[in-house]
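Next up, run-v1.cif (mmCIF, C-alpha atoms):
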data_coords
loop_
_atom_site.label_atom_id
_atom_site.label_comp_id
_atom_site.auth_asym_id
_atom_site.auth_seq_id
_atom_site.Cartn_x
_atom_site.Cartn_y
_atom_site.Cartn_z
CA MET A 1 0.00 0.00 0.00
CA PRO A 2 1.55 3.37 -0.98
CA SER A 3 2.76 5.47 1.90
CA ASN A 4 1.95 9.11 2.44
CA PRO A 5 5.05 11.21 1.56
CA GLY A 6 3.87 14.01 3.84
CA ALA A 7 3.63 11.65 6.80
CA GLU A 8 7.05 10.22 5.93
CA VAL A 9 8.61 13.69 5.95
CA LEU A 10 6.88 14.65 9.22
CA ALA A 11 7.87 11.43 10.99
CA SER A 12 11.51 11.50 9.85
CA GLY A 13 11.74 15.19 10.74
CA LEU A 14 10.44 14.50 14.24
CA GLY A 15 12.94 11.68 14.72
CA ALA A 16 15.73 13.92 13.47
CA ALA A 17 14.70 16.77 15.80
CA ILE A 18 15.00 14.48 18.81
CA THR A 19 18.38 13.03 17.84
CA ASP A 20 19.79 16.37 16.65
CA THR A 21 18.91 17.85 20.03
CA ILE A 22 20.74 15.04 21.81
CA PHE A 23 23.82 15.42 19.62
CA ASN A 24 23.81 19.22 19.23
CA PRO A 25 27.04 19.51 21.30
CA LEU A 26 28.94 17.36 18.79
CA GLU A 27 27.67 19.40 15.85
CA MET A 28 28.67 22.62 17.58
CA LEU A 29 32.14 21.26 18.42
CA LYS A 30 32.58 20.07 14.83
CA VAL A 31 31.97 23.63 13.60
CA ARG A 32 34.37 25.03 16.20
CA VAL A 33 37.12 22.67 15.02
CA GLN A 34 36.46 23.52 11.37
CA THR A 35 36.50 27.28 11.91
CA SER A 36 39.43 27.65 14.31
CA ASP A 37 42.87 26.23 14.96
CA THR A 38 41.89 23.87 17.77
CA THR A 39 41.20 20.20 18.44
CA PHE A 40 37.97 18.44 19.31
CA GLN A 41 39.06 17.78 22.90
CA ALA A 42 40.39 21.32 23.44
CA ALA A 43 37.20 22.88 22.08
CA ALA A 44 35.04 20.69 24.33
CA ARG A 45 37.06 21.60 27.42
CA ALA A 46 37.00 25.33 26.61
CA VAL A 47 33.25 25.48 26.03
CA TYR A 48 32.47 23.38 29.11
CA ALA A 49 34.71 25.55 31.28
CA LYS A 50 32.94 28.70 30.14
CA GLY A 51 29.30 27.59 30.38
CA GLY A 52 29.00 23.95 31.41
CA PRO A 53 26.50 21.54 29.83
CA TRP A 54 24.07 24.38 29.07
CA LEU A 55 26.52 26.09 26.71
CA LEU A 56 27.31 22.76 25.05
CA TRP A 57 23.67 21.95 24.32
CA THR A 58 21.68 25.11 23.70
CA PRO A 59 23.43 27.20 21.00
CA GLY A 60 21.58 27.10 17.70
CA LEU A 61 18.85 24.74 18.91
CA GLN A 62 16.03 26.69 17.24
CA ALA A 63 17.77 26.49 13.87
CA THR A 64 18.59 22.84 14.53
CA TRP A 65 14.90 22.00 15.04
CA VAL A 66 13.83 23.81 11.87
CA ARG A 67 16.67 22.16 9.96
CA SER A 68 15.61 18.71 11.17
CA PHE A 69 12.34 18.98 9.27
CA CYS A 70 13.62 20.91 6.25
CA VAL A 71 16.77 18.84 5.67
CA THR A 72 16.54 15.42 7.32
CA GLY A 73 12.77 15.26 7.10
CA LEU A 74 12.85 15.81 3.34
CA ARG A 75 15.89 13.76 2.40
CA VAL A 76 15.00 10.73 4.55
CA GLY A 77 11.22 11.01 4.33
CA LEU A 78 11.18 11.28 0.54
CA TYR A 79 13.79 8.55 0.00
CA GLY A 80 11.31 5.66 0.16
CA PRO A 81 8.61 7.19 -2.09
CA VAL A 82 11.15 8.40 -4.67
CA LYS A 83 12.96 5.05 -4.70
CA ARG A 84 9.70 3.20 -5.22
CA ALA A 85 8.84 5.55 -8.06
CA ALA A 86 12.26 5.00 -9.65
CA SER A 87 12.44 1.22 -9.26
CA GLY A 88 8.77 0.30 -9.53
CA ASP A 89 7.92 -3.18 -8.26
CA ALA A 90 11.47 -4.54 -8.60
CA PRO A 91 12.31 -6.79 -5.60
CA THR A 92 15.81 -5.31 -5.34
CA THR A 93 17.33 -1.97 -6.29
CA SER A 94 20.92 -1.35 -7.36
CA PHE A 95 23.29 0.58 -5.12
CA ALA A 96 23.71 3.19 -7.86
CA THR A 97 19.96 3.80 -7.98
CA LYS A 98 19.79 4.07 -4.18
CA PHE A 99 22.70 6.52 -4.16
CA ALA A 100 21.10 8.61 -6.91
CA VAL A 101 17.74 8.73 -5.12
CA GLY A 102 19.37 9.63 -1.80
CA GLY A 103 21.49 12.27 -3.53
CA ALA A 104 18.45 13.79 -5.23
CA THR A 105 16.47 14.13 -2.01
CA GLY A 106 19.57 15.51 -0.31
CA ALA A 107 20.07 18.16 -3.02
CA LEU A 108 16.44 19.27 -2.72
CA SER A 109 16.68 19.60 1.05
CA SER A 110 19.94 21.58 0.87
CA ALA A 111 18.48 24.09 -1.58
CA LEU A 112 15.58 24.80 0.77
CA ALA A 113 17.57 24.84 4.00
CA ASN A 114 20.80 26.66 3.07
CA PRO A 115 19.83 29.79 5.08
CA ILE A 116 19.18 27.68 8.18
CA ASP A 117 22.53 25.93 7.81
CA MET A 118 24.32 29.26 7.40
CA VAL A 119 22.92 30.95 10.49
CA ARG A 120 23.31 27.82 12.63
CA THR A 121 26.95 27.61 11.62
CA ARG A 122 27.46 31.27 12.58
CA VAL A 123 25.94 30.67 16.02
CA HIS A 124 27.92 27.47 16.61
CA ALA A 125 31.20 29.05 15.53
CA GLN A 126 31.01 31.75 18.22
CA VAL A 127 30.30 29.44 21.16
CA GLY A 128 32.89 29.98 23.88
CA LEU A 129 34.19 33.11 22.14
CA SER A 130 33.02 36.70 22.07
CA THR A 131 29.31 36.77 21.22
CA ARG A 132 28.55 38.43 17.91
CA TYR A 133 24.99 37.15 17.44
CA ALA A 134 22.69 37.12 20.45
CA THR A 135 20.19 34.79 18.78
CA THR A 136 19.75 32.73 15.63
CA ALA A 137 17.40 35.39 14.26
CA ALA A 138 20.05 38.06 14.89
CA ALA A 139 22.55 36.08 12.82
CA ALA A 140 20.07 35.85 9.93
CA LEU A 141 19.28 39.58 10.08
CA HIS A 142 22.99 40.44 10.11
CA VAL A 143 23.58 38.44 6.93
CA VAL A 144 20.64 40.10 5.17
CA ARG A 145 21.49 43.65 6.27
CA CYS A 146 25.28 43.62 6.04
CA GLU A 147 26.31 40.95 3.56
CA GLY A 148 24.24 41.43 0.43
CA GLY A 149 20.56 41.06 1.13
CA VAL A 150 18.34 37.98 1.19
CA THR A 151 20.30 36.23 -1.55
CA ALA A 152 23.36 36.21 0.75
CA LEU A 153 21.58 33.55 2.82
CA TRP A 154 22.17 31.17 -0.07
CA ARG A 155 25.92 31.82 -0.24
CA GLY A 156 27.78 28.53 -0.40
CA LEU A 157 24.78 26.67 -1.85
CA GLY A 158 27.02 24.79 -4.28
CA ALA A 159 29.13 23.27 -1.50
CA SER A 160 26.03 22.63 0.60
CA ALA A 161 24.29 20.81 -2.25
CA VAL A 162 27.38 18.70 -3.00
CA ARG A 163 27.64 17.84 0.70
CA GLN A 164 24.02 16.73 0.92
CA VAL A 165 24.25 14.69 -2.30
CA CYS A 166 27.31 12.85 -0.95
CA LEU A 167 25.97 12.49 2.60
CA SER A 168 22.44 11.50 1.75
CA GLY A 169 23.42 9.23 -1.14
CA GLY A 170 26.14 7.45 0.82
CA GLN A 171 24.20 7.21 4.05
CA LEU A 172 20.83 6.05 2.77
CA ALA A 173 22.22 3.75 0.09
CA SER A 174 24.66 2.08 2.50
CA TYR A 175 21.96 1.62 5.18
CA ASP A 176 19.51 0.17 2.70
CA SER A 177 22.12 -2.08 1.04
CA ALA A 178 23.63 -3.28 4.33
CA LYS A 179 20.23 -4.39 5.62
CA GLN A 180 19.42 -6.03 2.28
CA ALA A 181 22.72 -7.95 2.31
CA ALA A 182 22.25 -9.02 5.92
CA ARG A 183 18.75 -10.31 5.26
CA GLY A 184 20.10 -12.18 2.24
CA THR A 185 22.41 -14.18 4.50
CA GLY A 186 19.56 -15.13 6.83
CA VAL A 187 19.93 -12.42 9.47
CA SER A 188 16.54 -11.58 10.92
CA GLU A 189 15.19 -8.08 11.52
CA SER A 190 16.25 -6.98 15.00
CA PRO A 191 17.39 -3.88 16.89
CA PRO A 192 21.08 -4.94 16.73
CA LEU A 193 20.82 -5.19 12.93
CA HIS A 194 19.25 -1.74 12.67
CA VAL A 195 21.84 -0.18 14.98
CA ALA A 196 24.78 -1.80 13.18
CA CYS A 197 23.56 -0.78 9.73
CA ALA A 198 22.73 2.74 10.86
CA ALA A 199 26.14 3.21 12.51
CA LEU A 200 27.84 1.97 9.34
CA SER A 201 25.76 4.30 7.18
CA GLY A 202 26.61 7.28 9.39
CA VAL A 203 30.34 6.72 9.01
CA VAL A 204 30.08 6.01 5.26
CA GLY A 205 27.96 9.10 4.67
CA GLN A 206 30.28 11.36 6.65
CA LEU A 207 33.40 10.06 4.92
CA CYS A 208 31.73 10.69 1.56
CA CYS A 209 30.89 14.30 2.36
CA MET A 210 33.78 15.39 4.59
CA PRO A 211 35.59 17.73 2.13
CA ALA A 212 32.34 19.40 1.06
CA ASP A 213 31.29 19.68 4.72
CA VAL A 214 34.34 21.75 5.65
CA ILE A 215 34.02 23.95 2.55
CA LYS A 216 30.32 24.46 3.28
CA VAL A 217 31.09 25.64 6.82
CA LEU A 218 33.90 28.03 5.82
CA HIS A 219 32.90 29.32 2.38
CA PRO A 220 29.64 31.12 3.37
CA SER A 221 31.85 33.66 5.13
CA PRO A 222 32.62 36.46 2.63
CA HIS A 223 36.17 36.50 3.99
CA THR A 224 36.93 32.83 3.34
CA PRO A 225 37.66 31.79 -0.27
CA VAL A 226 37.15 28.19 -1.37
CA ALA A 227 40.90 27.62 -1.70
CA VAL A 228 41.44 28.43 1.97
CA ALA A 229 38.48 26.29 3.02
CA MET A 230 39.89 23.29 1.14
CA HIS A 231 43.06 23.34 3.25
CA ALA A 232 40.94 22.53 6.32
CA CYS A 233 39.23 19.51 4.82
CA GLY A 234 40.91 16.89 6.99
CA ARG A 235 40.90 18.78 10.25
CA SER A 236 37.58 17.72 11.78
CA ASN A 237 37.24 14.08 10.74
CA GLU A 238 37.29 13.00 14.38
CA ALA A 239 34.46 15.29 15.46
CA CYS A 240 32.33 14.36 12.46
CA ILE A 241 32.73 10.60 12.79
CA VAL A 242 32.25 10.71 16.57
CA GLY A 243 28.97 12.53 15.94
CA GLU A 244 27.69 10.51 12.99
CA GLY A 245 28.48 7.09 14.50
CA PRO A 246 25.90 7.27 17.32
CA GLN A 247 23.54 9.78 15.72
CA ARG A 248 22.45 7.70 12.73
CA PRO A 249 21.44 4.65 14.81
CA CYS A 250 19.21 6.88 16.94
CA MET A 251 17.54 8.43 13.90
CA LEU A 252 17.18 5.32 11.73
CA HIS A 253 16.46 2.76 14.45
CA CYS A 254 12.74 3.62 14.65
CA TYR A 255 12.53 3.29 10.87
CA GLY A 256 13.87 -0.27 10.81
CA HIS A 257 12.51 -1.47 14.14
CA GLY A 258 8.97 -0.36 13.43
CA ARG A 259 9.02 -2.28 10.15
CA SER A 260 10.38 -5.47 11.72
CA MET A 261 7.66 -5.57 14.39
CA HIS A 262 5.12 -6.00 11.64
CA GLY A 263 7.15 -8.50 9.65
CA ARG A 264 7.77 -6.27 6.64
CA SER A 265 10.99 -5.38 4.89
CA MET A 266 12.48 -1.93 4.61
CA HIS A 267 10.71 -1.55 1.27
CA GLY A 268 7.22 -2.26 2.56
CA ARG A 269 6.48 0.23 5.34
CA SER A 270 6.61 3.97 5.67
CA MET A 271 8.71 5.97 8.11
CA ALA A 272 5.51 7.30 9.65
CA GLU A 273 4.26 3.78 10.42
CA ALA A 274 7.62 2.88 11.93
CA VAL A 275 7.65 5.85 14.29
CA LYS A 276 4.06 5.17 15.34
CA SER A 277 4.98 1.56 16.08
CA CYS A 278 7.92 2.63 18.25
CA ASN A 279 5.74 5.12 20.10
CA ARG A 280 3.21 2.39 20.93
CA ARG A 281 5.94 0.45 22.70
#
Give the structure from the file, written as structure tokens.
Amino acid sequence: MPSNPGAEVLASGLGAAITDTIFNPLEMLKVRVQTSDTTFQAAARAVYAKGGPWLLWTPGLQATWVRSFCVTGLRVGLYGPVKRAASGDAPTTSFATKFAVGGATGALSSALANPIDMVRTRVHAQVGLSTRYATTAAAALHVVRCEGGVTALWRGLGASAVRQVCLSGGQLASYDSAKQAARGTGVSESPPLHVACAALSGVVGQLCCMPADVIKVLHPSPHTPVAVAMHACGRSNEACIVGEGPQRPCMLHCYGHGRSMHGRSMHGRSMAEAVKSCNRR
């Protein structure tokens, strides 16, 4: 039975909002490492010393929640419907098709959410340093008023789109393919399978998009050319992988676990149904 794409987007966005809130400190520290000459451990110690757990968790949360629905909600929620439209009733789908579908939904989400990404990055980059933007809204207004108008909010869209294509394609295709391969060897649907596949997909997705991720963070600044941003591409691998490893299992676990409780494969149930199933437990 066809799923409702709107419900898929809403359910995946809600799941992402919860997990992104839990892992907001790692995202903030990743940006700090990418935008300054520091290490992951040093940045964590400095921020904690200045404001404790509150300063680690709260910066940019409003933008993070909006981004969860605009970015993750769209790219994950639309993956199933678009893949079904692309592959029809085929029992299996090639990795290339999965990557292309994931990349397409990722590109769409990045185009819509580039302003949110930009202002959240600005807020995260100042944590523990002198405060330039009092709120997320203040960061957005500063960009509009002082850096070229509304269109300035889409600065760096090219790098952002490339990042989302690589991340979404690698992450969703590897998760889908890993579960398909495991089931082919007789492994039954279970929480350990979902967690293992999701953790793998998080690392694969982040490794695919790492260079574009650093350029995306640095290039939206009018003072940072792409060439300079590219020199920082290997600097925050640790922070990114530490964040993606646990974050993807949290987000994707409901998707797989909800399906398994009703005896259906990943291709047969919607994200919305999966989240509802988890909530009933």
Fill in: Polymer residues at most 12 Å from segment 127-132 of chain A, all atoms listed in the file, same-chain spacing of 2 or more positions, as a VMD selection string
chain A and resid 25 27 to 33 35 to 36 42 to 52 54 to 60 119 to 125 134 to 136 138 to 140 142
- Non-local contacts of Tyr175 of chain A (12 Å; only C-alpha atoms; under 2 positions in same chain excluded) as a PyMOL selection string: chain A and resi 76+79+95+98-99+102+167-173+177-182+193-205+248-249+251-253+255-256+266
Got a sec to resolve the PyMOL selection byres ((chain A and resi 9-12) around 6) on this structure and send the residues as a PDB file with C-alpha atoms, in the coordinates of the input?
ATOM      1  CA  GLY A   6       3.870  14.010   3.840  1.00  0.00           C
ATOM      2  CA  ALA A   7       3.630  11.650   6.800  1.00  0.00           C
ATOM      3  CA  GLU A   8       7.050  10.220   5.930  1.00  0.00           C
ATOM      4  CA  GLY A  13      11.740  15.190  10.740  1.00  0.00           C
ATOM      5  CA  LEU A  14      10.440  14.500  14.240  1.00  0.00           C
ATOM      6  CA  GLY A  15      12.940  11.680  14.720  1.00  0.00           C
ATOM      7  CA  GLY A  73      12.770  15.260   7.100  1.00  0.00           C
ATOM      8  CA  LEU A  74      12.850  15.810   3.340  1.00  0.00           C
ATOM      9  CA  GLY A  77      11.220  11.010   4.330  1.00  0.00           C
ATOM     10  CA  ALA A 272       5.510   7.300   9.650  1.00  0.00           C
TER      11      ALA A 272
END
Atom pair atom CA of Ala85 of chain A + atom CA of Gly106 of chain A, distance 16.6 Å
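Among A:Ile22, A:Ala100, A:Met118, A:Ala17, the residue with the shortest atom-to-atom distance to Ser87 of chain A, counting all atoms listed in the file, is A:Ala100.
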